[in-house]
>>> print(open('protein_17.txt').read())   # compact mmCIF, C-alpha atoms and all ligand atoms
# COMPACT_ATOMS: atom_id res chain seq x y z
CA MET S 7 -11.74 -19.90 0.40
CA ASN S 8 -11.71 -23.66 0.97
CA LEU S 9 -15.40 -24.34 0.41
CA PRO S 10 -16.14 -27.14 -2.03
CA ILE S 11 -17.54 -26.04 -5.38
CA ILE S 12 -20.71 -27.30 -7.03
CA LEU S 13 -20.07 -28.51 -10.55
CA MET S 14 -22.79 -29.30 -13.09
CA ILE S 15 -21.94 -32.20 -15.35
CA ALA S 16 -23.53 -33.90 -18.32
CA PRO S 17 -25.33 -36.20 -18.88
CA GLY S 18 -28.45 -35.25 -16.98
CA ASN S 19 -26.86 -32.14 -15.43
CA THR S 20 -26.31 -34.08 -12.23
CA PRO S 21 -24.83 -31.69 -9.65
CA PHE S 22 -21.98 -32.83 -7.46
CA MET S 23 -19.53 -31.20 -5.14
CA ARG S 24 -15.87 -30.97 -5.95
CA PRO S 25 -12.76 -29.60 -4.22
CA ARG S 26 -11.27 -26.23 -5.11
CA VAL S 27 -8.49 -26.95 -7.62
CA ILE S 28 -5.27 -24.93 -7.35
CA VAL S 29 -2.63 -25.39 -10.03
CA ASN S 30 0.85 -24.43 -8.88
CA CYS S 31 4.10 -24.64 -10.82
CA ALA S 32 7.39 -22.84 -11.43
CA MET S 33 8.54 -21.72 -14.86
CA SER S 34 11.44 -19.81 -16.38
CA PRO S 35 10.90 -16.31 -17.80
CA ASP S 36 10.77 -17.98 -21.25
CA GLY S 37 7.87 -20.20 -20.16
CA LYS S 38 9.51 -23.60 -19.52
CA ILE S 39 8.98 -25.85 -16.49
CA ALA S 40 12.01 -28.08 -17.28
CA GLY S 41 14.66 -28.43 -19.97
CA THR S 42 14.46 -30.56 -23.10
CA GLU S 43 15.86 -33.53 -21.15
CA ARG S 44 12.71 -33.26 -18.96
CA ARG S 45 14.55 -33.52 -15.65
CA GLN S 46 13.67 -31.60 -12.50
CA LEU S 47 15.18 -28.11 -12.36
CA ARG S 48 15.25 -25.86 -9.28
CA ILE S 49 13.38 -22.86 -10.69
CA SER S 50 11.86 -21.70 -7.37
CA SER S 51 13.75 -19.28 -5.13
CA PRO S 52 14.12 -20.27 -1.42
CA GLU S 53 11.29 -17.82 -0.67
CA ASP S 54 9.07 -19.52 -3.23
CA MET S 55 9.90 -22.96 -1.82
CA GLU S 56 8.68 -21.73 1.56
CA ARG S 57 5.47 -20.47 -0.07
CA VAL S 58 4.93 -23.87 -1.74
CA ARG S 59 5.54 -25.64 1.57
CA GLU S 60 2.82 -23.51 3.15
CA LEU S 61 0.46 -24.08 0.22
CA ARG S 62 1.01 -27.85 0.38
CA SER S 63 0.28 -27.91 4.09
CA GLN S 64 -3.04 -26.09 3.47
CA CYS S 65 -4.28 -28.61 0.88
CA GLN S 66 -5.71 -32.02 1.68
CA ALA S 67 -4.43 -33.62 -1.54
CA ILE S 68 -1.51 -33.07 -3.95
CA LEU S 69 -1.69 -34.45 -7.49
CA VAL S 70 0.83 -35.04 -10.28
CA GLY S 71 0.89 -37.07 -13.49
CA ALA S 72 2.92 -40.21 -14.14
CA GLY S 73 5.33 -38.19 -16.30
CA THR S 74 6.42 -36.12 -13.31
CA ILE S 75 6.90 -39.24 -11.18
CA LEU S 76 9.05 -40.84 -13.90
CA ALA S 77 11.07 -37.65 -14.50
CA ASP S 78 11.49 -36.22 -10.99
CA ASP S 79 10.53 -39.01 -8.53
CA PRO S 80 9.11 -36.51 -5.98
CA HIS S 81 8.06 -37.41 -2.41
CA LEU S 82 5.11 -34.96 -2.50
CA THR S 83 5.36 -34.56 1.28
CA VAL S 84 5.99 -31.59 3.56
CA LYS S 85 9.20 -31.97 5.59
CA GLY S 86 8.63 -31.82 9.33
CA LEU S 87 4.95 -32.74 9.25
CA PRO S 88 3.89 -36.07 10.80
CA ARG S 89 2.38 -38.71 8.51
CA ASP S 90 -1.17 -38.01 9.70
CA ALA S 91 -0.86 -34.32 8.81
CA GLN S 92 0.46 -34.97 5.29
CA ALA S 93 -1.78 -34.40 2.29
CA LEU S 94 -3.06 -37.37 0.32
CA ARG S 95 -0.72 -37.97 -2.62
CA VAL S 96 -2.60 -38.58 -5.87
CA VAL S 97 -0.96 -39.80 -9.09
CA LEU S 98 -2.59 -40.06 -12.53
CA ASP S 99 -1.11 -43.30 -13.88
CA PRO S 100 -3.68 -44.43 -16.47
CA ARG S 101 -1.64 -47.33 -17.82
CA GLY S 102 0.24 -48.38 -14.68
CA LYS S 103 3.73 -47.13 -15.65
CA VAL S 104 4.87 -45.90 -12.23
CA PRO S 105 7.51 -48.28 -10.77
CA GLU S 106 7.10 -49.84 -7.30
CA THR S 107 10.31 -48.05 -6.25
CA ALA S 108 8.80 -44.58 -6.79
CA LEU S 109 9.20 -42.36 -3.70
CA VAL S 110 5.50 -41.50 -3.86
CA LEU S 111 4.92 -45.14 -2.77
CA ASP S 112 7.28 -44.86 0.22
CA GLY S 113 4.57 -44.93 2.92
CA ARG S 114 5.50 -41.48 4.31
CA ALA S 115 1.96 -40.32 3.47
CA SER S 116 -1.17 -41.94 2.07
CA THR S 117 -1.16 -42.40 -1.70
CA LEU S 118 -3.99 -42.83 -4.19
CA MET S 119 -2.95 -44.15 -7.58
CA VAL S 120 -5.47 -43.47 -10.35
CA THR S 121 -5.65 -45.68 -13.42
CA THR S 122 -8.20 -46.19 -16.18
CA GLU S 123 -10.81 -48.92 -15.75
CA ASP S 124 -9.02 -51.35 -18.08
CA CYS S 125 -5.72 -51.23 -16.15
CA ALA S 126 -5.36 -54.01 -13.54
CA ARG S 127 -2.14 -52.69 -11.97
CA THR S 128 -1.79 -52.71 -8.18
CA TYR S 129 0.80 -50.81 -6.10
CA PRO S 130 2.35 -51.75 -2.74
CA GLY S 131 1.00 -49.66 0.11
CA ALA S 132 -1.26 -47.50 -2.08
CA GLU S 133 -4.95 -47.38 -2.83
CA VAL S 134 -6.07 -47.58 -6.44
CA ALA S 135 -9.05 -45.86 -8.09
CA ARG S 136 -9.92 -46.97 -11.63
CA LEU S 137 -11.85 -44.18 -13.30
CA GLY S 138 -12.75 -43.75 -16.95
CA ARG S 139 -11.93 -45.57 -20.17
CA GLY S 140 -9.08 -44.38 -22.40
CA ALA S 141 -8.49 -41.29 -20.28
CA ILE S 142 -9.02 -40.81 -16.56
CA ASP S 143 -12.38 -39.26 -15.71
CA LEU S 144 -11.18 -36.23 -13.75
CA GLY S 145 -14.73 -35.22 -12.77
CA ALA S 146 -15.24 -38.63 -11.14
CA LEU S 147 -11.86 -38.29 -9.41
CA LEU S 148 -12.76 -34.89 -7.94
CA ASN S 149 -16.10 -36.24 -6.79
CA LEU S 150 -14.31 -39.15 -5.08
CA LEU S 151 -11.83 -36.79 -3.40
CA GLU S 152 -14.61 -34.50 -2.20
CA ARG S 153 -16.40 -37.47 -0.62
CA ARG S 154 -13.12 -38.25 1.20
CA GLY S 155 -13.05 -34.78 2.74
CA VAL S 156 -10.68 -33.06 0.31
CA SER S 157 -11.77 -29.43 -0.03
CA SER S 158 -8.57 -28.18 -1.72
CA LEU S 159 -6.60 -30.11 -4.32
CA LEU S 160 -3.15 -28.89 -5.33
CA VAL S 161 -2.18 -29.88 -8.91
CA GLU S 162 1.59 -29.57 -9.30
CA GLY S 163 2.15 -30.79 -12.85
CA GLY S 164 3.40 -31.55 -15.27
CA GLY S 165 2.25 -29.81 -18.40
CA GLU S 166 0.07 -32.66 -19.73
CA THR S 167 -1.73 -33.04 -16.41
CA ILE S 168 -2.31 -29.30 -15.96
CA TYR S 169 -3.67 -29.15 -19.52
CA SER S 170 -6.12 -31.98 -18.68
CA PHE S 171 -7.48 -30.02 -15.71
CA PHE S 172 -7.86 -26.86 -17.81
CA ARG S 173 -9.42 -28.85 -20.67
CA TRP S 174 -12.05 -30.29 -18.30
CA GLY S 175 -12.79 -26.82 -16.93
CA LEU S 176 -11.69 -27.89 -13.46
CA VAL S 177 -9.12 -25.23 -12.51
CA ASP S 178 -10.07 -22.50 -10.04
CA VAL S 179 -6.68 -20.91 -9.29
CA TYR S 180 -3.54 -20.82 -11.45
CA SER S 181 -0.46 -19.96 -9.40
CA VAL S 182 2.93 -19.68 -11.10
CA PHE S 183 6.37 -18.64 -9.93
CA VAL S 184 8.52 -17.07 -12.66
CA GLY S 185 12.21 -17.68 -11.98
CA ASP S 186 15.35 -15.88 -13.05
CA PHE S 187 17.09 -17.93 -15.75
CA VAL S 188 16.28 -18.84 -19.33
CA ILE S 189 15.86 -22.55 -20.17
CA GLY S 190 14.94 -22.51 -23.87
CA GLY S 191 14.24 -25.40 -26.21
CA ARG S 192 11.20 -25.96 -28.43
CA GLU S 193 10.66 -29.41 -26.90
CA ALA S 194 10.97 -28.25 -23.29
CA PRO S 195 7.73 -28.69 -21.29
CA THR S 196 5.61 -25.66 -20.41
CA PRO S 197 3.01 -25.24 -17.63
CA VAL S 198 0.17 -26.16 -19.99
CA ASP S 199 1.07 -28.59 -22.80
CA GLY S 200 -1.37 -31.10 -24.31
CA GLU S 201 -3.06 -30.26 -27.60
CA GLY S 202 -3.64 -26.64 -26.59
CA PHE S 203 -6.75 -24.52 -27.00
CA ARG S 204 -7.99 -23.13 -30.30
CA THR S 205 -8.86 -19.47 -30.72
CA GLY S 206 -12.13 -18.90 -28.92
CA GLU S 207 -11.45 -21.73 -26.45
CA HIS S 208 -8.73 -19.92 -24.48
CA VAL S 209 -9.16 -20.03 -20.72
CA PRO S 210 -9.82 -16.50 -19.39
CA LEU S 211 -7.94 -15.57 -16.20
CA ARG S 212 -8.07 -12.69 -13.75
CA LEU S 213 -4.77 -11.60 -12.19
CA VAL S 214 -5.31 -11.38 -8.43
CA SER S 215 -1.81 -10.95 -7.02
CA VAL S 216 1.82 -10.24 -7.94
CA GLU S 217 4.56 -10.81 -5.37
CA ARG S 218 8.33 -10.60 -5.63
CA LEU S 219 9.89 -13.67 -3.99
CA GLY S 220 13.69 -13.52 -4.01
CA GLY S 221 14.93 -13.33 -7.60
CA GLY S 222 11.57 -14.17 -9.14
CA VAL S 223 7.93 -13.24 -9.05
CA HIS S 224 4.84 -15.16 -7.98
CA LEU S 225 1.65 -14.59 -9.98
CA THR S 226 -1.80 -15.75 -8.89
CA TYR S 227 -4.73 -15.87 -11.29
CA GLU S 228 -8.32 -16.96 -10.84
CA VAL S 229 -10.11 -18.66 -13.70
CA ARG S 230 -12.92 -16.36 -14.88
CA ARG S 231 -16.30 -18.00 -15.17
CA ASP S 232 -18.18 -14.81 -16.00
CA GLY S 233 -17.90 -15.30 -19.78
N1 LIG X 301 8.54 -26.66 -12.75
C1 LIG X 301 7.50 -27.26 -12.22
O1 LIG X 301 6.76 -26.66 -11.42
C2 LIG X 301 7.21 -28.70 -12.56
C3 LIG X 301 6.26 -29.42 -11.81
C4 LIG X 301 5.99 -30.72 -12.17
C5 LIG X 301 6.64 -31.30 -13.26
N2 LIG X 301 7.55 -30.60 -13.95
C6 LIG X 301 8.21 -31.17 -15.14
O2 LIG X 301 7.20 -31.59 -16.04
C7 LIG X 301 7.71 -32.67 -16.83
C8 LIG X 301 6.67 -33.77 -16.82
O3 LIG X 301 5.50 -33.27 -17.41
P1 LIG X 301 4.66 -34.18 -18.40
O4 LIG X 301 3.65 -33.31 -19.03
O5 LIG X 301 5.58 -34.96 -19.27
O6 LIG X 301 4.01 -35.25 -17.42
P2 LIG X 301 2.81 -35.24 -16.38
O7 LIG X 301 1.80 -34.21 -16.68
O8 LIG X 301 3.38 -35.28 -15.01
O9 LIG X 301 2.20 -36.67 -16.66
C9 LIG X 301 1.60 -36.89 -17.90
C10 LIG X 301 0.97 -38.25 -17.87
O10 LIG X 301 -0.02 -38.32 -16.84
C11 LIG X 301 -1.10 -39.05 -17.31
N3 LIG X 301 -2.27 -38.16 -17.40
C12 LIG X 301 -2.35 -36.84 -17.21
N4 LIG X 301 -3.62 -36.41 -17.33
C13 LIG X 301 -4.35 -37.49 -17.61
C14 LIG X 301 -5.72 -37.73 -17.85
N5 LIG X 301 -6.63 -36.76 -17.81
N6 LIG X 301 -6.12 -38.98 -18.14
C15 LIG X 301 -5.23 -39.97 -18.18
N7 LIG X 301 -3.92 -39.82 -17.95
C16 LIG X 301 -3.49 -38.60 -17.66
C17 LIG X 301 -0.70 -39.59 -18.68
O11 LIG X 301 -0.04 -40.82 -18.47
P3 LIG X 301 0.29 -41.86 -19.66
O12 LIG X 301 1.49 -41.32 -20.34
O13 LIG X 301 0.54 -43.15 -18.98
O14 LIG X 301 -0.90 -41.88 -20.57
C18 LIG X 301 0.23 -38.53 -19.15
O15 LIG X 301 1.12 -38.91 -20.15
C19 LIG X 301 9.02 -33.07 -16.23
O16 LIG X 301 10.06 -32.54 -17.01
C20 LIG X 301 9.02 -32.40 -14.86
O17 LIG X 301 10.33 -32.08 -14.44
C21 LIG X 301 7.85 -29.29 -13.63
>>> encode(input="protein_17.txt", output="structure tokens")
Amino acid sequence: MNLPIILMIAPGNTPFMRPRVIVNCAMSPDGKIAGTERRQLRISSPEDMERVRELRSQCQAILVGAGTILADDPHLTVKGLPRDAQALRVVLDPRGKVPETALVLDGRASTLMVTTEDCARTYPGAEVARLGRGAIDLGALLNLLERRGVSSLLVEGGGETIYSFFRWGLVDVYSVFVGDFVIGGREAPTPVDGEGFRTGEHVPLRLVSVERLGGGVHLTYEVRRDG
């Protein structure tokens, strides 16, 4: 389950190992992960929050994009676990927008901030990796994480970041909790935003489990690589 995965990349088809990538998020039955004001909403049931706590404690790294840090200011830690047992917190912040006051920089767990190569930003108490020009090279990031002993990476959002991982073909498991209230709004974020996939490029999934958790349902899919 937690074995690293060999990924073939161009140019030169150089093989490298990468962690298993699990995307996890919570959405409303109408497919929104937040409202149009893009603020954090409690979509998960208490039972789902317990599941996420368990999932976080099984992964060696937890990743979000800068948009989620700016909107929600999450800790990305598991309550009750000592610092040494916490997952590495990873933030995609290509242009250095995350403020020094962000809770992800609070020292309660190790943090890796990821920028593009042309961004000189530093962060108090956090490591920085500068990967890629224009956009962050997610393949290089996964390779770096694998070399640091990360065998499972949990990607928690938001929609732009999850789209990037799907776009790069780097998602292994898509796990989504569907809550019990409608959010609505054409501008409200969804689990997978970005530019979207054209017909013929859609990402094929295989449903592997369905579980009722309180007032909602948890769905787990694997990404199909069998064509
Ligand atoms: N319900 C849930 O489970 C859940 C979970 C998390 C977040 N959310 C919600 O999601 C919303 C935020 O989502 P979002 O899509 O706006 O933000 P996001 O995905 O957290 O962050 C997007 C930003 O991350 C950077 N980024 C992502 N992928 C990149 C890549 N491959 N290369 C370079 N940079 C990359 C970019 O930063 P730059 O803008 O600097 O280029 C991008 O704009 C909030 O409303 C939050 O409440 C919901």
>>> closest_residue(input="protein_17.txt", among="S:Asp36, S:Glu166, S:Asp232, S:Glu193", to="ligand LIG 301 (chain X)", atoms="all atoms listed in the file")
S:Glu166
>>> residues_around(input="protein_17.txt", residues="Gly165 (chain S)", least_positions_apart="3", cutoff="8 Å", atoms="only C-alpha atoms", output="JSON, numbers by chain")
{"S": [168, 169, 195, 196, 197, 198, 199, 200]}
>>> residues_near_ligand(input="protein_17.txt", ligand="ligand LIG 301 (chain X)", cutoff="6 Å", atoms="only C-alpha atoms and all ligand atoms", output="list in words")
Cys31, Ala32, Met33, Ile39, Ala40, Arg44, Arg45, Gln46, Val70, Gly71, Ala72, Gly73, Thr74, Ala77, Asp78, Leu98, Asp99, Pro100, Arg101, Ala141, Ile142, Glu162, Gly163, Gly164, Gly165, Glu166, Thr167, Ser170 and Pro195 of chain S
>>> write_last_selection(input="protein_17.txt", atoms="C-alpha atoms", output="JSON list (two decimals), in the frame of the given file")
[["chain", "number", "residue", "atom", "x", "y", "z"],
["S", 31, "CYS", "CA", 4.10, -24.64, -10.82],
["S", 32, "ALA", "CA", 7.39, -22.84, -11.43],
["S", 33, "MET", "CA", 8.54, -21.72, -14.86],
["S", 39, "ILE", "CA", 8.98, -25.85, -16.49],
["S", 40, "ALA", "CA", 12.01, -28.08, -17.28],
["S", 44, "ARG", "CA", 12.71, -33.26, -18.96],
["S", 45, "ARG", "CA", 14.55, -33.52, -15.65],
["S", 46, "GLN", "CA", 13.67, -31.60, -12.50],
["S", 70, "VAL", "CA", 0.83, -35.04, -10.28],
["S", 71, "GLY", "CA", 0.89, -37.07, -13.49],
["S", 72, "ALA", "CA", 2.92, -40.21, -14.14],
["S", 73, "GLY", "CA", 5.33, -38.19, -16.30],
["S", 74, "THR", "CA", 6.42, -36.12, -13.31],
["S", 77, "ALA", "CA", 11.07, -37.65, -14.50],
["S", 78, "ASP", "CA", 11.49, -36.22, -10.99],
["S", 98, "LEU", "CA", -2.59, -40.06, -12.53],
["S", 99, "ASP", "CA", -1.11, -43.30, -13.88],
["S", 100, "PRO", "CA", -3.68, -44.43, -16.47],
["S", 101, "ARG", "CA", -1.64, -47.33, -17.82],
["S", 141, "ALA", "CA", -8.49, -41.29, -20.28],
["S", 142, "ILE", "CA", -9.02, -40.81, -16.56],
["S", 162, "GLU", "CA", 1.59, -29.57, -9.30],
["S", 163, "GLY", "CA", 2.15, -30.79, -12.85],
["S", 164, "GLY", "CA", 3.40, -31.55, -15.27],
["S", 165, "GLY", "CA", 2.25, -29.81, -18.40],
["S", 166, "GLU", "CA", 0.07, -32.66, -19.73],
["S", 167, "THR", "CA", -1.73, -33.04, -16.41],
["S", 170, "SER", "CA", -6.12, -31.98, -18.68],
["S", 195, "PRO", "CA", 7.73, -28.69, -21.29]]
>>> atom_distance(input="protein_17.txt", atom1="CA of Leu151 (chain S)", atom2="CA of Arg24 (chain S)")
7.5 Å
>>> residues_near_point(input="protein_17.txt", point="(-1.9, -43.0, -0.3)", cutoff="8 Å", atoms="all atoms listed in the file", output="tab-separated table (two decimals) with C-alpha atoms, keeping the file's coordinate frame")
chain	number	residue	atom	x	y	z
S	94	LEU	CA	-3.06	-37.37	0.32
S	95	ARG	CA	-0.72	-37.97	-2.62
S	96	VAL	CA	-2.60	-38.58	-5.87
S	111	LEU	CA	4.92	-45.14	-2.77
S	113	GLY	CA	4.57	-44.93	2.92
S	115	ALA	CA	1.96	-40.32	3.47
S	116	SER	CA	-1.17	-41.94	2.07
S	117	THR	CA	-1.16	-42.40	-1.70
S	118	LEU	CA	-3.99	-42.83	-4.19
S	119	MET	CA	-2.95	-44.15	-7.58
S	131	GLY	CA	1.00	-49.66	0.11
S	132	ALA	CA	-1.26	-47.50	-2.08
S	133	GLU	CA	-4.95	-47.38	-2.83
>>> residues_near_point(input="protein_17.txt", point="(-10.7, -25.8, -6.5)", cutoff="6 Å", atoms="all atoms listed in the file", output="NGL selection string")
:S and (25-28 or 158 or 178)
>>> residues_around(input="protein_17.txt", residues="Leu225 (chain S)", least_positions_apart="5", cutoff="8 Å", atoms="only C-alpha atoms", output="ChimeraX atom specification")
/S:181-184,213-217
>>> atom_distance(input="protein_17.txt", atom1="CA of Phe172 (chain S)", atom2="CA of Leu150 (chain S)")
18.8 Å
>>> closest_residue(input="protein_17.txt", among="S:Val223, S:Val120, S:Met23, S:Val104", to="Leu176 (chain S)", atoms="all atoms listed in the file")
S:Met23
>>> atom_distance(input="protein_17.txt", atom1="CA of Arg231 (chain S)", atom2="CA of Val58 (chain S)")
25.8 Å
>>> residues_around(input="protein_17.txt", residues="Arg127 (chain S)", least_positions_apart="3", cutoff="9 Å", atoms="only C-alpha atoms", output="PyMOL selection string")
chain S and resi 101-103+121+134
>>> closest_residue(input="protein_17.txt", among="S:His208, S:Cys125, S:Pro80, S:Val97", to="Leu147 (chain S)", atoms="all atoms listed in the file")
S:Val97
>>> closest_residue(input="protein_17.txt", among="S:Phe171, S:Val188, S:Arg139, S:Gly86", to="Val229 (chain S)", atoms="only C-alpha atoms")
S:Phe171
>>> closest_residue(input="protein_17.txt", among="S:Leu211, S:Val161, S:Ile49, S:Cys65", to="Ala93 (chain S)", atoms="only C-alpha atoms")
S:Cys65
>>> residues_around(input="protein_17.txt", residues="Ile189 (chain S)", least_positions_apart="5", cutoff="9 Å", atoms="only C-alpha atoms", output="mmCIF file with C-alpha atoms, in the coordinates of the input")
data_model
loop_
_atom_site.group_PDB
_atom_site.id
_atom_site.type_symbol
_atom_site.label_atom_id
_atom_site.label_comp_id
_atom_site.auth_asym_id
_atom_site.auth_seq_id
_atom_site.Cartn_x
_atom_site.Cartn_y
_atom_site.Cartn_z
ATOM 1 C CA SER S 34 11.440 -19.810 -16.380
ATOM 2 C CA PRO S 35 10.900 -16.310 -17.800
ATOM 3 C CA ASP S 36 10.770 -17.980 -21.250
ATOM 4 C CA GLY S 37 7.870 -20.200 -20.160
ATOM 5 C CA LYS S 38 9.510 -23.600 -19.520
ATOM 6 C CA ILE S 39 8.980 -25.850 -16.490
ATOM 7 C CA ALA S 40 12.010 -28.080 -17.280
ATOM 8 C CA GLY S 41 14.660 -28.430 -19.970
ATOM 9 C CA THR S 42 14.460 -30.560 -23.100
ATOM 10 C CA ALA S 194 10.970 -28.250 -23.290
#
>>> residues_around(input="protein_17.txt", residues="Pro52 (chain S)", least_positions_apart="5", cutoff="12 Å", atoms="only C-alpha atoms", output="list in words")
Arg57, Val58, Arg59, Phe183, Gly185, Leu219, Gly220, Gly221 and Gly222 of chain S
>>> write_last_selection(input="protein_17.txt", atoms="C-alpha atoms", output="mmCIF file, in the coordinates of the input")
data_model
loop_
_atom_site.group_PDB
_atom_site.id
_atom_site.type_symbol
_atom_site.label_atom_id
_atom_site.label_comp_id
_atom_site.auth_asym_id
_atom_site.auth_seq_id
_atom_site.Cartn_x
_atom_site.Cartn_y
_atom_site.Cartn_z
ATOM 1 C CA ARG S 57 5.470 -20.470 -0.070
ATOM 2 C CA VAL S 58 4.930 -23.870 -1.740
ATOM 3 C CA ARG S 59 5.540 -25.640 1.570
ATOM 4 C CA PHE S 183 6.370 -18.640 -9.930
ATOM 5 C CA GLY S 185 12.210 -17.680 -11.980
ATOM 6 C CA LEU S 219 9.890 -13.670 -3.990
ATOM 7 C CA GLY S 220 13.690 -13.520 -4.010
ATOM 8 C CA GLY S 221 14.930 -13.330 -7.600
ATOM 9 C CA GLY S 222 11.570 -14.170 -9.140
#
>>> closest_residue(input="protein_17.txt", among="S:Leu69, S:Leu47, S:Val29, S:Ile75", to="Pro105 (chain S)", atoms="all atoms listed in the file")
S:Ile75
>>> decode(input="protein_17.txt", residues="region 63-75 of chain S", atoms="N, CA and C atoms", output="short mmCIF file (atom, residue, chain, number, x, y, z; two decimals), in the first residue's frame")
data_model
loop_
_atom_site.label_atom_id
_atom_site.label_comp_id
_atom_site.auth_asym_id
_atom_site.auth_seq_id
_atom_site.Cartn_x
_atom_site.Cartn_y
_atom_site.Cartn_z
N SER S 63 -2.21 10.92 9.85
CA SER S 63 -1.16 10.32 10.69
C SER S 63 -0.47 9.15 9.99
N GLN S 64 -1.07 8.66 8.88
CA GLN S 64 -0.44 7.58 8.12
C GLN S 64 0.48 8.10 7.01
N CYS S 65 0.39 9.39 6.70
CA CYS S 65 1.18 9.95 5.60
C CYS S 65 2.39 10.70 6.15
N GLN S 66 3.47 10.68 5.40
CA GLN S 66 4.69 11.34 5.87
C GLN S 66 4.73 12.81 5.47
N ALA S 67 3.86 13.21 4.54
CA ALA S 67 3.83 14.62 4.13
C ALA S 67 2.40 15.00 3.74
N ILE S 68 2.04 16.27 4.03
CA ILE S 68 0.72 16.82 3.71
C ILE S 68 0.94 18.10 2.90
N LEU S 69 0.29 18.21 1.76
CA LEU S 69 0.55 19.34 0.86
C LEU S 69 -0.72 20.12 0.57
N VAL S 70 -0.58 21.46 0.55
CA VAL S 70 -1.65 22.33 0.05
C VAL S 70 -1.02 23.44 -0.79
N GLY S 71 -1.89 24.15 -1.54
CA GLY S 71 -1.43 25.30 -2.31
C GLY S 71 -1.52 26.58 -1.50
N ALA S 72 -0.87 27.63 -2.01
CA ALA S 72 -0.85 28.92 -1.33
C ALA S 72 -2.27 29.47 -1.16
N GLY S 73 -3.16 29.16 -2.10
CA GLY S 73 -4.53 29.67 -2.00
C GLY S 73 -5.23 29.18 -0.75
N THR S 74 -4.99 27.93 -0.40
CA THR S 74 -5.61 27.37 0.82
C THR S 74 -5.01 28.00 2.06
N ILE S 75 -3.71 28.25 2.04
CA ILE S 75 -3.08 28.92 3.20
C ILE S 75 -3.68 30.32 3.37
#
